[in-house]
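Asker: First the structure, then my questions, so here it is.
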Amino acid sequence: MVCKIRLSLLSFLFVFLAVSSSRTESSQDQTATTLDTIFSPLVNASSPGLAVLIRKDGRTAFERGYGARELRSFAKIDSQTNFRLASCSKQFTAMSIMLLVHDGKLRYDDKLTDVFPDFPAYGKTITIPNLLNHTSGLPDYEDLMAAAEKRKGAPLWTYKRQIQDAEVLDLLKQEAAGKFAPGTQWSYSNSGYVVLGLVVAKISGKPFREFLRERIFAPLEMSQTLAYQRGQNEVTQRAYGHSKEGNGWKETDQSSTSATLGDGGSYSSLDDLAKWDEALAQHRLLSESEMQPALIPVKLADGSQPKWPANSDRPEGTPVAYSFGWFLDPYRGHARMWHYGDTMGFHTYIVRFVGNKLTIIVLCNRTDLDPEALALKVADDVLR
């Protein structure tokens with residue numbers, strides 16, 4: 001009798017689990033279908049497209065590619081397609097600096113002139129955190145490029161003859177002063193992150209691309225992710241950037257500034273970025289306490305919160321919360337860390353709602369899509 005009861009209970013359990021599993025799969029399918037309706041109308045098999053990753057509670061809930069990674073063979077975008085991350089690369093640069101602090105080779109109170117003694121006097125008050133959180137006041141290197149070309153009366157850099165990191169540093173060394181005293185204002189600075197990449201190379205004694213590979217990408221088994229340098233390495237399954245031109249598409253993959261590394265030179269895929277997200281959640285590279293400096297929004301020297309300056313892509317005068325490679329302002333009451341990337345032919349966006357255990361990543365190899373708006377549309381559905 002006891003045996004029969006146990007068999008009946010086991011039979012019930014198996015049926016219950018089968019029904020529960022079926023319901024779960026049905027719910028997941030319905031969610032995937034709903035999400036697919038957001039992205040699939042945007043592209044077709046013969047157009048550039050996008051890749052989307054959604055992770056919830058430490059697991060991949062949705063991962064899908066749309067469109068083509070290039071328009072010669074029309075190879076499909078998938079989870080292993082590598083996109084230029086643009087400014088989303090800054091989180092890797094910031095992590096590299098934090099790893100050097102962890103190693104005891106660098107301190108957060110080090111000045112720019114401690115690393116580069118021949119830097120002009122205005123670098124004596126620029127700290128490593130000033131570079132990390134965009135309060136250094138360094139001139140924009142693209143403005144310096146334009147001024148140099150104007151003086152020369154001819155182009156100095158093109159997509160074939162791209163400016164290199166060392167040249168950016170040389171341009172900054174030719175200046176007598178920054179845009180403002182360090183720590184007194186906030187101004188998004190690609191110059192600062194190019195310099196940080198050079199700081200990593202100088203302190204570690206290794207090329208920046210090698211430091212990234214040895215200390216971040218290889219330990220996390222991000223085998224496809226790299227800081228791309230033409231002639232030094234190659235991007236596998238590479239997506240090429242595009243811009244709309246009339247009724248068609250023009251490949252706009254490279255510009256005169258596409259070779260700089262610390263500010264936006266990394267390529268990665270959804271599969272690898274899922275590993276990166278997991279590593280951040282599990283503190284696999286740095287302890288939770290060591291990560292804290294990256295999660296505290298910068299304050300200006302007078303204790304005030306920074307504001308977006310004029311000519312930004314956000315309304316002038318609105319508050320900005322930024323730390324080491326991440327924006328940190330909340331979205332509809334939900335704490336988040338996020339970054340966007342915008343460069344020749346690519347738009348990218350990564351957002352982590354840490355308290356909700358939700359990460360959304362949208363990578364586009366075309367410039368007519370807004371990955372931030374798309375990601376937040378997903379967030380609205382998931383967080384409601």
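We name chains A, B, ... following the order of the structure tokens; residues begin at 1 in each chain, and ligands are numbered from 1 as shown.
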So which residues touch Tyr188 (chain A) within 8 Å, counting only C-alpha atoms, skipping near sequence neighbours fewer than 2 positions away, as a list in words?
Answerer: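 In the requested form, the answer reads His134, Thr135, Trp186 and Asn190 of chain A.
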Asker: Find the residues around Thr260 (chain A) up to 9 Å (only C-alpha atoms counted), leave out those fewer than 5 positions away in its own chain, and share them as a PyMOL selection string.
Answerer: chain A and resi 162-165+168+194+229+265
Asker: I need the residue nearest Tyr267 (chain A) from this list: A:Ala335, A:Cys88, A:Leu100, A:Ala218. Use only C-alpha atoms for the distance.
Answerer: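 Counting only C-alpha atoms, the residue closest to Tyr267 (chain A) is A:Cys88.
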Asker: Please provide as a list in words all residues within 10 Å of Thr225 (chain A), with the sequence filter that same-chain residues fewer than 5 positions apart are discarded (counting only C-alpha atoms).
Answerer: Asn82, Phe83, Arg84, Leu212, Arg213, Ile216, Phe217, Ala218, Val235, Thr236, Ser266, Tyr267, Ser268, Ser269, Asp271, Asp272 and Leu273 of chain A
Asker: I need the chosen residues saved as an mmCIF file, in the first residue's frame, with N, CA and C atoms.
Answerer:
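Everything below was put into selection-v5.cif:
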```
data_model
loop_
_atom_site.group_PDB
_atom_site.id
_atom_site.type_symbol
_atom_site.label_atom_id
_atom_site.label_comp_id
_atom_site.auth_asym_id
_atom_site.auth_seq_id
_atom_site.Cartn_x
_atom_site.Cartn_y
_atom_site.Cartn_z
ATOM 1 N N ASN A 82 30.660 40.509 -33.706
ATOM 2 C CA ASN A 82 31.415 41.502 -32.939
ATOM 3 C C ASN A 82 31.172 42.913 -33.458
ATOM 4 N N PHE A 83 30.671 43.759 -32.578
ATOM 5 C CA PHE A 83 30.375 45.158 -32.879
ATOM 6 C C PHE A 83 31.432 46.059 -32.254
ATOM 7 N N ARG A 84 31.712 47.154 -32.921
ATOM 8 C CA ARG A 84 32.522 48.193 -32.288
ATOM 9 C C ARG A 84 31.682 48.813 -31.170
ATOM 10 N N LEU A 212 44.365 44.539 -21.588
ATOM 11 C CA LEU A 212 42.945 44.189 -21.600
ATOM 12 C C LEU A 212 42.759 42.684 -21.784
ATOM 13 N N ARG A 213 43.497 42.137 -22.729
ATOM 14 C CA ARG A 213 43.358 40.699 -23.004
ATOM 15 C C ARG A 213 43.791 39.864 -21.807
ATOM 16 N N ILE A 216 41.487 41.110 -18.323
ATOM 17 C CA ILE A 216 40.018 41.139 -18.340
ATOM 18 C C ILE A 216 39.450 40.074 -19.262
ATOM 19 N N PHE A 217 39.772 40.148 -20.533
ATOM 20 C CA PHE A 217 39.108 39.304 -21.517
ATOM 21 C C PHE A 217 39.455 37.821 -21.370
ATOM 22 N N ALA A 218 40.719 37.493 -21.225
ATOM 23 C CA ALA A 218 41.105 36.080 -21.096
ATOM 24 C C ALA A 218 40.602 35.454 -19.798
ATOM 25 N N VAL A 235 39.412 41.293 -35.995
ATOM 26 C CA VAL A 235 38.099 41.072 -35.400
ATOM 27 C C VAL A 235 37.400 39.953 -36.165
ATOM 28 N N THR A 236 37.086 38.876 -35.481
ATOM 29 C CA THR A 236 36.368 37.774 -36.125
ATOM 30 C C THR A 236 34.874 38.085 -36.162
ATOM 31 N N SER A 266 37.141 49.114 -28.491
ATOM 32 C CA SER A 266 36.914 47.681 -28.267
ATOM 33 C C SER A 266 35.763 47.142 -29.104
ATOM 34 N N TYR A 267 35.890 45.878 -29.502
ATOM 35 C CA TYR A 267 34.836 45.126 -30.175
ATOM 36 C C TYR A 267 34.405 43.977 -29.269
ATOM 37 N N SER A 268 33.118 43.669 -29.278
ATOM 38 C CA SER A 268 32.634 42.529 -28.492
ATOM 39 C C SER A 268 31.306 42.036 -29.051
ATOM 40 N N SER A 269 30.896 40.876 -28.551
ATOM 41 C CA SER A 269 29.663 40.225 -28.993
ATOM 42 C C SER A 269 28.709 40.065 -27.819
ATOM 43 N N ASP A 271 27.528 37.246 -26.687
ATOM 44 C CA ASP A 271 27.987 36.133 -25.857
ATOM 45 C C ASP A 271 29.039 36.584 -24.868
ATOM 46 N N ASP A 272 29.990 37.386 -25.330
ATOM 47 C CA ASP A 272 31.052 37.847 -24.439
ATOM 48 C C ASP A 272 30.548 38.877 -23.437
ATOM 49 N N LEU A 273 29.650 39.743 -23.861
ATOM 50 C CA LEU A 273 29.130 40.760 -22.941
ATOM 51 C C LEU A 273 28.261 40.130 -21.860
#
```
Asker: Might you pull out every residue within 6 Å of Thr184 (chain A), with only C-alpha atoms counted and same-chain residues fewer than 2 positions away left off, and present them as an mmCIF file with all heavy atoms, in the first residue's frame?
Answerer:
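Contents of the output file selection24.cif:
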```cif
data_model
loop_
_atom_site.group_PDB
_atom_site.id
_atom_site.type_symbol
_atom_site.label_atom_id
_atom_site.label_comp_id
_atom_site.auth_asym_id
_atom_site.auth_seq_id
_atom_site.Cartn_x
_atom_site.Cartn_y
_atom_site.Cartn_z
ATOM 1 N N ALA A 181 39.611 74.442 -14.522
ATOM 2 C CA ALA A 181 40.390 73.850 -13.430
ATOM 3 C C ALA A 181 39.815 72.486 -13.090
ATOM 4 O O ALA A 181 38.590 72.337 -12.970
ATOM 5 C CB ALA A 181 40.357 74.759 -12.204
ATOM 6 N N PRO A 182 40.659 71.464 -12.949
ATOM 7 C CA PRO A 182 40.160 70.106 -12.674
ATOM 8 C C PRO A 182 39.233 70.071 -11.462
ATOM 9 O O PRO A 182 39.512 70.680 -10.428
ATOM 10 C CB PRO A 182 41.445 69.315 -12.403
ATOM 11 C CG PRO A 182 42.497 70.049 -13.153
ATOM 12 C CD PRO A 182 42.127 71.495 -13.059
ATOM 13 N N LEU A 300 31.426 67.867 -7.759
ATOM 14 C CA LEU A 300 32.417 68.888 -8.089
ATOM 15 C C LEU A 300 33.124 69.366 -6.828
ATOM 16 O O LEU A 300 32.730 69.027 -5.708
ATOM 17 C CB LEU A 300 31.737 70.050 -8.804
ATOM 18 C CG LEU A 300 31.057 69.691 -10.137
ATOM 19 C CD1 LEU A 300 30.455 70.938 -10.780
ATOM 20 C CD2 LEU A 300 32.027 69.017 -11.099
ATOM 21 N N ALA A 301 34.165 70.136 -7.014
ATOM 22 C CA ALA A 301 34.995 70.570 -5.888
ATOM 23 C C ALA A 301 34.198 71.337 -4.835
ATOM 24 O O ALA A 301 34.522 71.285 -3.643
ATOM 25 C CB ALA A 301 36.149 71.433 -6.407
#
```
Asker: So that I can check the surroundings of Lys250 (chain A), please list as a short mmCIF file (atom, residue, chain, number, x, y, z; two decimals) with C-alpha atoms, in the first residue's frame every protein, DNA and RNA residue that reaches within 10 Å of it, counting only C-alpha atoms and ignoring chain neighbours fewer than 5 positions away.
Answerer:
```
data_model
loop_
_atom_site.label_atom_id
_atom_site.label_comp_id
_atom_site.auth_asym_id
_atom_site.auth_seq_id
_atom_site.Cartn_x
_atom_site.Cartn_y
_atom_site.Cartn_z
CA LEU A 71 26.42 43.96 -47.05
CA GLY A 241 29.18 50.16 -39.56
CA HIS A 242 26.70 51.78 -41.94
CA SER A 243 24.80 55.01 -42.48
CA LYS A 244 21.65 55.63 -44.44
CA GLU A 245 22.24 57.28 -47.81
CA GLY A 345 28.54 53.57 -38.32
CA ARG A 366 23.73 51.41 -38.39
#
```
Asker: Residues near region 42-54 of chain A, anyone? I mean within 8 Å using only C-alpha atoms, not counting same-chain ones fewer than 3 positions away, as JSON, numbers by chain.
Answerer: {"A": [38, 39, 60, 61, 62, 63, 64, 65, 66, 67, 68, 69, 70, 71, 74, 76, 77, 78, 79, 241, 242, 249, 270, 274, 358, 359, 360, 361, 362, 363, 364, 365, 366]}
Asker: Kindly indicate which residue among A:Arg55, A:Tyr331, A:Met145, A:Glu372 lies nearest to Lys275 (chain A), using only C-alpha atoms for the distances.
Answerer: A:Arg55
Asker: Report as a count of residues only: the residues of region 7-181 of chain A with a DSSP assignment of strand (DSSP E or B), based on the backbone of this structure.
Answerer: 23
Asker: Find the residues around Ala146 (chain A) up to 12 Å (only C-alpha atoms counted), leave out those fewer than 2 positions away in its own chain, and share them as a list in words.
Answerer: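 Skipping anything fewer than 2 positions along the chain leaves Asp140, Tyr141, Glu142, Asp143, Leu144, Ala148, Glu149, Lys150, Arg151, Lys152, Gly153, Ala154, Pro155, Leu156, Trp157, Thr158, Ile163, Leu171, Ser256 and Thr257 of chain A.
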Asker: Residues of the last selection are to be written out with N, CA, C and O atoms, as a PDB file, in the first residue's frame.
Answerer:
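Output saved as part.pdb:
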```pdb
ATOM      1  N   ASP A 140      39.354  68.773 -25.911  1.00  0.00           N
ATOM      2  CA  ASP A 140      38.869  67.699 -26.769  1.00  0.00           C
ATOM      3  C   ASP A 140      39.863  67.479 -27.899  1.00  0.00           C
ATOM      4  O   ASP A 140      40.190  68.413 -28.644  1.00  0.00           O
ATOM      5  N   TYR A 141      40.345  66.258 -28.051  1.00  0.00           N
ATOM      6  CA  TYR A 141      41.391  66.042 -29.049  1.00  0.00           C
ATOM      7  C   TYR A 141      40.890  66.232 -30.482  1.00  0.00           C
ATOM      8  O   TYR A 141      41.670  66.575 -31.376  1.00  0.00           O
ATOM      9  N   GLU A 142      39.606  66.058 -30.720  1.00  0.00           N
ATOM     10  CA  GLU A 142      39.098  66.310 -32.064  1.00  0.00           C
ATOM     11  C   GLU A 142      39.143  67.800 -32.392  1.00  0.00           C
ATOM     12  O   GLU A 142      39.392  68.186 -33.543  1.00  0.00           O
ATOM     13  N   ASP A 143      38.921  68.641 -31.380  1.00  0.00           N
ATOM     14  CA  ASP A 143      39.082  70.081 -31.591  1.00  0.00           C
ATOM     15  C   ASP A 143      40.540  70.417 -31.878  1.00  0.00           C
ATOM     16  O   ASP A 143      40.834  71.272 -32.735  1.00  0.00           O
ATOM     17  N   LEU A 144      41.443  69.764 -31.181  1.00  0.00           N
ATOM     18  CA  LEU A 144      42.876  70.006 -31.407  1.00  0.00           C
ATOM     19  C   LEU A 144      43.304  69.515 -32.784  1.00  0.00           C
ATOM     20  O   LEU A 144      44.153  70.139 -33.438  1.00  0.00           O
ATOM     21  N   ALA A 148      44.942  71.892 -35.657  1.00  0.00           N
ATOM     22  CA  ALA A 148      46.224  71.550 -36.274  1.00  0.00           C
ATOM     23  C   ALA A 148      46.109  71.496 -37.796  1.00  0.00           C
ATOM     24  O   ALA A 148      47.003  71.961 -38.523  1.00  0.00           O
ATOM     25  N   GLU A 149      44.988  70.944 -38.280  1.00  0.00           N
ATOM     26  CA  GLU A 149      44.785  70.867 -39.726  1.00  0.00           C
ATOM     27  C   GLU A 149      44.552  72.252 -40.329  1.00  0.00           C
ATOM     28  O   GLU A 149      44.981  72.535 -41.460  1.00  0.00           O
ATOM     29  N   LYS A 150      43.906  73.121 -39.566  1.00  0.00           N
ATOM     30  CA  LYS A 150      43.688  74.484 -40.040  1.00  0.00           C
ATOM     31  C   LYS A 150      45.006  75.220 -40.170  1.00  0.00           C
ATOM     32  O   LYS A 150      45.244  75.944 -41.152  1.00  0.00           O
ATOM     33  N   ARG A 151      45.876  75.037 -39.176  1.00  0.00           N
ATOM     34  CA  ARG A 151      47.190  75.670 -39.238  1.00  0.00           C
ATOM     35  C   ARG A 151      48.001  75.139 -40.413  1.00  0.00           C
ATOM     36  O   ARG A 151      48.718  75.881 -41.083  1.00  0.00           O
ATOM     37  N   LYS A 152      47.885  73.842 -40.643  1.00  0.00           N
ATOM     38  CA  LYS A 152      48.634  73.205 -41.730  1.00  0.00           C
ATOM     39  C   LYS A 152      48.035  73.546 -43.086  1.00  0.00           C
ATOM     40  O   LYS A 152      48.744  73.559 -44.100  1.00  0.00           O
ATOM     41  N   GLY A 153      46.756  73.814 -43.123  1.00  0.00           N
ATOM     42  CA  GLY A 153      46.091  74.107 -44.382  1.00  0.00           C
ATOM     43  C   GLY A 153      45.815  72.882 -45.207  1.00  0.00           C
ATOM     44  O   GLY A 153      45.571  72.971 -46.420  1.00  0.00           O
ATOM     45  N   ALA A 154      45.827  71.708 -44.548  1.00  0.00           N
ATOM     46  CA  ALA A 154      45.594  70.440 -45.256  1.00  0.00           C
ATOM     47  C   ALA A 154      45.220  69.379 -44.247  1.00  0.00           C
ATOM     48  O   ALA A 154      45.572  69.475 -43.058  1.00  0.00           O
ATOM     49  N   PRO A 155      44.511  68.336 -44.677  1.00  0.00           N
ATOM     50  CA  PRO A 155      44.172  67.237 -43.755  1.00  0.00           C
ATOM     51  C   PRO A 155      45.439  66.527 -43.261  1.00  0.00           C
ATOM     52  O   PRO A 155      46.357  66.258 -44.044  1.00  0.00           O
ATOM     53  N   LEU A 156      45.477  66.244 -41.982  1.00  0.00           N
ATOM     54  CA  LEU A 156      46.591  65.492 -41.393  1.00  0.00           C
ATOM     55  C   LEU A 156      46.199  64.061 -41.095  1.00  0.00           C
ATOM     56  O   LEU A 156      47.056  63.181 -41.034  1.00  0.00           O
ATOM     57  N   TRP A 157      44.895  63.842 -40.908  1.00  0.00           N
ATOM     58  CA  TRP A 157      44.405  62.511 -40.579  1.00  0.00           C
ATOM     59  C   TRP A 157      43.190  62.173 -41.437  1.00  0.00           C
ATOM     60  O   TRP A 157      42.355  63.036 -41.717  1.00  0.00           O
ATOM     61  N   THR A 158      43.096  60.925 -41.841  1.00  0.00           N
ATOM     62  CA  THR A 158      41.961  60.434 -42.617  1.00  0.00           C
ATOM     63  C   THR A 158      41.607  59.043 -42.098  1.00  0.00           C
ATOM     64  O   THR A 158      42.266  58.523 -41.185  1.00  0.00           O
ATOM     65  N   ILE A 163      44.494  58.977 -36.513  1.00  0.00           N
ATOM     66  CA  ILE A 163      45.253  59.453 -35.369  1.00  0.00           C
ATOM     67  C   ILE A 163      45.443  58.322 -34.363  1.00  0.00           C
ATOM     68  O   ILE A 163      44.528  57.525 -34.124  1.00  0.00           O
ATOM     69  N   LEU A 171      49.305  66.119 -28.880  1.00  0.00           N
ATOM     70  CA  LEU A 171      48.477  67.304 -29.066  1.00  0.00           C
ATOM     71  C   LEU A 171      48.144  67.962 -27.730  1.00  0.00           C
ATOM     72  O   LEU A 171      48.174  69.192 -27.595  1.00  0.00           O
ATOM     73  N   SER A 256      38.795  59.119 -39.144  1.00  0.00           N
ATOM     74  CA  SER A 256      40.159  59.501 -38.769  1.00  0.00           C
ATOM     75  C   SER A 256      40.438  59.252 -37.295  1.00  0.00           C
ATOM     76  O   SER A 256      41.597  59.179 -36.879  1.00  0.00           O
ATOM     77  N   THR A 257      39.384  59.087 -36.478  1.00  0.00           N
ATOM     78  CA  THR A 257      39.573  58.889 -35.033  1.00  0.00           C
ATOM     79  C   THR A 257      39.254  57.458 -34.582  1.00  0.00           C
ATOM     80  O   THR A 257      39.164  57.197 -33.381  1.00  0.00           O
TER      81      THR A 257
END
```
Asker: Counting only C-alpha atoms, which residue out of A:Arg384, A:Lys299, A:His334, A:Lys173 sits closest to Gly123 (chain A)?
Answerer: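 Looking at the shortest contact to Gly123 (chain A), the residue is A:Lys173.
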Asker: Could you write out, as a VMD selection string, all the residues of region 113-233 of chain A that DSSP marks as alpha helix (DSSP H)?
Answerer: chain A and resid 113 to 115 128 to 132 141 to 152 165 to 173 190 to 204 208 to 212
Asker: So what do you get for CA of Met98 (chain A) versus CA of Met291 (chain A), distance-wise?
Answerer: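 Computing the Euclidean distance for CA of Met98 (chain A) and CA of Met291 (chain A) yields 8.1 Å.
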Asker: Counting only C-alpha atoms, which residue out of A:Val200, A:Ala121, A:Leu220, A:Ala86 sits closest to Glu175 (chain A)?
Answerer: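 For Glu175 (chain A), the nearest of the given residues is A:Ala121.
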Asker: Can you measure CA of Gly325 (chain A) to CA of Ala94 (chain A) for me? One decimal in Å is fine.
Answerer: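 Taking CA of Gly325 (chain A) and CA of Ala94 (chain A), their separation equals 5.5 Å.
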